[in-house]
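Working notes for the structure below.
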Amino acid sequence: MDYFERKLDDKRRLTIPTELRGEFASGIVLTRGFGHYLHLYSQDVWDDQVEPALQGSILDERVADLNVKFRRGKTSATLDQKQGRVTIEQHLLDFAGIARDIVAVRAGQYWRVMAPQDVV
C-alpha cells in the first residue's frame, strides 16, 4: 500500500490502515515537511536514517537548517493498539493546512501527509 485517505476523528486522531500497522510497530514520528505538508516516519526509519542525516559539523549551516526544519514541532508517539490510531498535534495540522481530511502518500521510506487540495 502506497496511498491512503482518511478523516481525522474529533480528537485529531489518524487511523493507520491495518495493512501498514506493522510498519509503525516501533512508533511514529511526525514532523513538518519541506513544504506545507507533514512527514510521517516509523521510529525505526527516524532512528536509522533521519537522525544520522541530522548530524554533522556544528558550523554547517545546511545541517543546522535541516535540524530546525525537522525538529521544530516534532512529535513521537505509539499507535493505539486497539484501533491503530495516532494523535496529530494541532500545530502540525495548522502548518499543513489540514482540517479533517488527510491524504497520505509513500515517499520512499516515509509518508507525506497533506490536505487533499495539496496533492500534486
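Chain labels A, B, ... are given in the sequence in which chains occur in the C-alpha cells; within each chain residues are numbered consecutively from 1, and ligands are likewise numbered from 1 in the order shown.
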Stretch 14-119 of chain A: which residues are strand (DSSP E) by DSSP, as a ChimeraX atom specification? /A:14-15,28-32,38-42,75-77,85-87,101-107,110-114
Just write the chosen residues, C-alpha atoms, as a PDB file, in the first residue's frame.
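Saved as out08.pdb:
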```
ATOM      1  CA  LEU A  14      -5.468   9.441  12.418  1.00  0.00           C
ATOM      2  CA  THR A  15      -6.268   5.757  11.939  1.00  0.00           C
ATOM      3  CA  ILE A  28       5.636   7.037  14.847  1.00  0.00           C
ATOM      4  CA  VAL A  29       7.468  10.311  14.339  1.00  0.00           C
ATOM      5  CA  LEU A  30       5.595  13.253  12.798  1.00  0.00           C
ATOM      6  CA  THR A  31       7.422  16.369  11.617  1.00  0.00           C
ATOM      7  CA  ARG A  32       6.962  19.322   9.348  1.00  0.00           C
ATOM      8  CA  LEU A  38       3.882  16.620   7.143  1.00  0.00           C
ATOM      9  CA  HIS A  39       6.346  13.762   7.151  1.00  0.00           C
ATOM     10  CA  LEU A  40       5.299  10.538   8.873  1.00  0.00           C
ATOM     11  CA  TYR A  41       8.161   8.186   9.785  1.00  0.00           C
ATOM     12  CA  SER A  42       8.346   4.922  11.634  1.00  0.00           C
ATOM     13  CA  THR A  75       6.258  14.570  17.916  1.00  0.00           C
ATOM     14  CA  SER A  76       6.784  10.914  18.719  1.00  0.00           C
ATOM     15  CA  ALA A  77       4.016   8.503  19.647  1.00  0.00           C
ATOM     16  CA  ARG A  85      -4.611   5.487  15.813  1.00  0.00           C
ATOM     17  CA  VAL A  86      -2.140   8.276  16.421  1.00  0.00           C
ATOM     18  CA  THR A  87      -2.985  11.801  17.569  1.00  0.00           C
ATOM     19  CA  ASP A 101      -9.396  15.093   5.537  1.00  0.00           C
ATOM     20  CA  ILE A 102      -5.938  13.626   5.031  1.00  0.00           C
ATOM     21  CA  VAL A 103      -4.155  12.147   2.052  1.00  0.00           C
ATOM     22  CA  ALA A 104      -1.011  10.117   2.763  1.00  0.00           C
ATOM     23  CA  VAL A 105       1.404   9.066   0.019  1.00  0.00           C
ATOM     24  CA  ARG A 106       4.508   6.943   0.485  1.00  0.00           C
ATOM     25  CA  ALA A 107       7.675   8.828  -0.423  1.00  0.00           C
ATOM     26  CA  TYR A 110       8.388   7.803   4.884  1.00  0.00           C
ATOM     27  CA  TRP A 111       4.917   9.180   4.179  1.00  0.00           C
ATOM     28  CA  ARG A 112       3.895  12.636   3.017  1.00  0.00           C
ATOM     29  CA  VAL A 113       0.683  13.611   4.818  1.00  0.00           C
ATOM     30  CA  MET A 114      -1.294  16.521   3.376  1.00  0.00           C
TER      31      MET A 114
END
```
Enumerate the residues of chain A with a DSSP assignment of alpha helix (DSSP H), computed from the backbone, and present them as a PDB file with N, CA, C and O atoms, in the first residue's frame.
```pdb
ATOM      1  N   GLN A  43       9.445   4.979  13.790  1.00  0.00           N
ATOM      2  CA  GLN A  43      10.540   5.320  14.705  1.00  0.00           C
ATOM      3  C   GLN A  43      11.847   4.687  14.230  1.00  0.00           C
ATOM      4  O   GLN A  43      12.909   5.307  14.335  1.00  0.00           O
ATOM      5  N   ASP A  44      11.767   3.477  13.676  1.00  0.00           N
ATOM      6  CA  ASP A  44      12.976   2.815  13.163  1.00  0.00           C
ATOM      7  C   ASP A  44      13.624   3.617  12.038  1.00  0.00           C
ATOM      8  O   ASP A  44      14.843   3.796  12.025  1.00  0.00           O
ATOM      9  N   VAL A  45      12.839   4.085  11.082  1.00  0.00           N
ATOM     10  CA  VAL A  45      13.393   4.881   9.969  1.00  0.00           C
ATOM     11  C   VAL A  45      13.965   6.183  10.506  1.00  0.00           C
ATOM     12  O   VAL A  45      15.055   6.607  10.101  1.00  0.00           O
ATOM     13  N   GLU A  51      17.896  10.608  11.828  1.00  0.00           N
ATOM     14  CA  GLU A  51      18.749  11.110  12.907  1.00  0.00           C
ATOM     15  C   GLU A  51      20.220  11.181  12.481  1.00  0.00           C
ATOM     16  O   GLU A  51      20.862  12.223  12.683  1.00  0.00           O
ATOM     17  N   PRO A  52      20.779  10.133  11.850  1.00  0.00           N
ATOM     18  CA  PRO A  52      22.169  10.250  11.397  1.00  0.00           C
ATOM     19  C   PRO A  52      22.371  11.361  10.347  1.00  0.00           C
ATOM     20  O   PRO A  52      23.411  12.015  10.327  1.00  0.00           O
ATOM     21  N   ALA A  53      21.356  11.583   9.506  1.00  0.00           N
ATOM     22  CA  ALA A  53      21.472  12.642   8.490  1.00  0.00           C
ATOM     23  C   ALA A  53      21.460  14.032   9.117  1.00  0.00           C
ATOM     24  O   ALA A  53      21.932  14.997   8.499  1.00  0.00           O
ATOM     25  N   GLU A  61      25.817  25.206   8.201  1.00  0.00           N
ATOM     26  CA  GLU A  61      24.512  25.882   8.187  1.00  0.00           C
ATOM     27  C   GLU A  61      23.414  25.008   7.576  1.00  0.00           C
ATOM     28  O   GLU A  61      22.270  25.029   8.008  1.00  0.00           O
ATOM     29  N   ARG A  62      23.754  24.198   6.582  1.00  0.00           N
ATOM     30  CA  ARG A  62      22.775  23.314   5.954  1.00  0.00           C
ATOM     31  C   ARG A  62      22.266  22.287   6.966  1.00  0.00           C
ATOM     32  O   ARG A  62      21.070  22.042   7.060  1.00  0.00           O
ATOM     33  N   VAL A  63      23.170  21.714   7.726  1.00  0.00           N
ATOM     34  CA  VAL A  63      22.778  20.747   8.760  1.00  0.00           C
ATOM     35  C   VAL A  63      21.927  21.434   9.823  1.00  0.00           C
ATOM     36  O   VAL A  63      20.915  20.886  10.267  1.00  0.00           O
ATOM     37  N   ALA A  64      22.323  22.638  10.202  1.00  0.00           N
ATOM     38  CA  ALA A  64      21.544  23.386  11.197  1.00  0.00           C
ATOM     39  C   ALA A  64      20.126  23.656  10.686  1.00  0.00           C
ATOM     40  O   ALA A  64      19.149  23.486  11.423  1.00  0.00           O
ATOM     41  N   ASP A  65      20.011  24.061   9.420  1.00  0.00           N
ATOM     42  CA  ASP A  65      18.693  24.332   8.838  1.00  0.00           C
ATOM     43  C   ASP A  65      17.819  23.081   8.818  1.00  0.00           C
ATOM     44  O   ASP A  65      16.621  23.137   9.098  1.00  0.00           O
ATOM     45  N   LEU A  66      18.408  21.940   8.471  1.00  0.00           N
ATOM     46  CA  LEU A  66      17.652  20.691   8.473  1.00  0.00           C
ATOM     47  C   LEU A  66      17.187  20.320   9.880  1.00  0.00           C
ATOM     48  O   LEU A  66      16.059  19.877  10.073  1.00  0.00           O
ATOM     49  N   ASN A  67      18.049  20.532  10.868  1.00  0.00           N
ATOM     50  CA  ASN A  67      17.662  20.256  12.252  1.00  0.00           C
ATOM     51  C   ASN A  67      16.491  21.118  12.676  1.00  0.00           C
ATOM     52  O   ASN A  67      15.537  20.626  13.284  1.00  0.00           O
ATOM     53  N   VAL A  68      16.544  22.386  12.356  1.00  0.00           N
ATOM     54  CA  VAL A  68      15.444  23.282  12.715  1.00  0.00           C
ATOM     55  C   VAL A  68      14.172  22.843  12.009  1.00  0.00           C
ATOM     56  O   VAL A  68      13.097  22.760  12.608  1.00  0.00           O
ATOM     57  N   LYS A  69      14.274  22.529  10.732  1.00  0.00           N
ATOM     58  CA  LYS A  69      13.105  22.135   9.937  1.00  0.00           C
ATOM     59  C   LYS A  69      12.439  20.882  10.517  1.00  0.00           C
ATOM     60  O   LYS A  69      11.230  20.837  10.697  1.00  0.00           O
ATOM     61  N   PHE A  70      13.239  19.858  10.811  1.00  0.00           N
ATOM     62  CA  PHE A  70      12.657  18.583  11.198  1.00  0.00           C
ATOM     63  C   PHE A  70      12.414  18.430  12.691  1.00  0.00           C
ATOM     64  O   PHE A  70      11.618  17.597  13.106  1.00  0.00           O
ATOM     65  N   ARG A  71      13.073  19.214  13.510  1.00  0.00           N
ATOM     66  CA  ARG A  71      12.859  19.084  14.953  1.00  0.00           C
ATOM     67  C   ARG A  71      11.786  20.050  15.474  1.00  0.00           C
ATOM     68  O   ARG A  71      11.197  19.805  16.522  1.00  0.00           O
ATOM     69  N   GLN A  90      -2.210  19.804  17.045  1.00  0.00           N
ATOM     70  CA  GLN A  90      -2.877  20.869  16.308  1.00  0.00           C
ATOM     71  C   GLN A  90      -1.887  21.758  15.556  1.00  0.00           C
ATOM     72  O   GLN A  90      -2.144  22.166  14.430  1.00  0.00           O
ATOM     73  N   HIS A  91      -0.739  22.057  16.150  1.00  0.00           N
ATOM     74  CA  HIS A  91       0.220  22.937  15.478  1.00  0.00           C
ATOM     75  C   HIS A  91       0.741  22.315  14.180  1.00  0.00           C
ATOM     76  O   HIS A  91       1.018  23.023  13.211  1.00  0.00           O
ATOM     77  N   LEU A  92       0.830  20.984  14.115  1.00  0.00           N
ATOM     78  CA  LEU A  92       1.242  20.339  12.873  1.00  0.00           C
ATOM     79  C   LEU A  92       0.123  20.395  11.839  1.00  0.00           C
ATOM     80  O   LEU A  92       0.380  20.640  10.652  1.00  0.00           O
ATOM     81  N   LEU A  93      -1.103  20.187  12.278  1.00  0.00           N
ATOM     82  CA  LEU A  93      -2.241  20.298  11.356  1.00  0.00           C
ATOM     83  C   LEU A  93      -2.342  21.706  10.793  1.00  0.00           C
ATOM     84  O   LEU A  93      -2.583  21.888   9.589  1.00  0.00           O
ATOM     85  N   ASP A  94      -2.142  22.701  11.651  1.00  0.00           N
ATOM     86  CA  ASP A  94      -2.188  24.095  11.197  1.00  0.00           C
ATOM     87  C   ASP A  94      -1.097  24.364  10.162  1.00  0.00           C
ATOM     88  O   ASP A  94      -1.337  25.006   9.131  1.00  0.00           O
ATOM     89  N   PHE A  95       0.108  23.881  10.420  1.00  0.00           N
ATOM     90  CA  PHE A  95       1.224  24.075   9.492  1.00  0.00           C
ATOM     91  C   PHE A  95       0.891  23.508   8.116  1.00  0.00           C
ATOM     92  O   PHE A  95       1.163  24.124   7.086  1.00  0.00           O
ATOM     93  N   ALA A  96       0.289  22.314   8.094  1.00  0.00           N
ATOM     94  CA  ALA A  96      -0.005  21.635   6.840  1.00  0.00           C
ATOM     95  C   ALA A  96      -1.348  22.041   6.226  1.00  0.00           C
ATOM     96  O   ALA A  96      -1.687  21.587   5.137  1.00  0.00           O
TER      97      ALA A  96
END
```
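Atom pair atom CA of A:Ile98 / atom CA of A:Gln83: separated by 21.6 Å.
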Name the closest residue to A:Thr78 among the candidates A:Arg12, A:Arg100, A:Lys7, A:Arg21; distances are taken between atoms, counting only C-alpha atoms.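 Among the listed residues, the smallest separation from A:Thr78 belongs to A:Arg21.
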Distance atom CA of A:Arg13-atom CA of A:Leu79, one decimal place?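 Taking atom CA of A:Arg13 as the start and atom CA of A:Leu79 as the end point, the length is 10.2 Å.
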So how far away is atom CA of A:Ala115 from atom CA of A:Leu54, in Å? 27.0 Å
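Each of A:Ile16, A:Gly108, A:Gly22, A:Gln117 was compared to A:Gln49 using only C-alpha atoms, and A:Gly108 turns out to be the nearest.
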Taking only C-alpha atoms into account, which of A:Ala25, A:Ile88, A:Ile58, A:Val50 comes nearest A:Asp10?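 That would be A:Ile88, the residue with the smallest distance to A:Asp10.
Ranking A:Leu20, A:Met1, A:Leu8, A:Ala99 by their shortest atom-to-atom distance to A:Gly84, with only C-alpha atoms included, puts A:Leu20 first.
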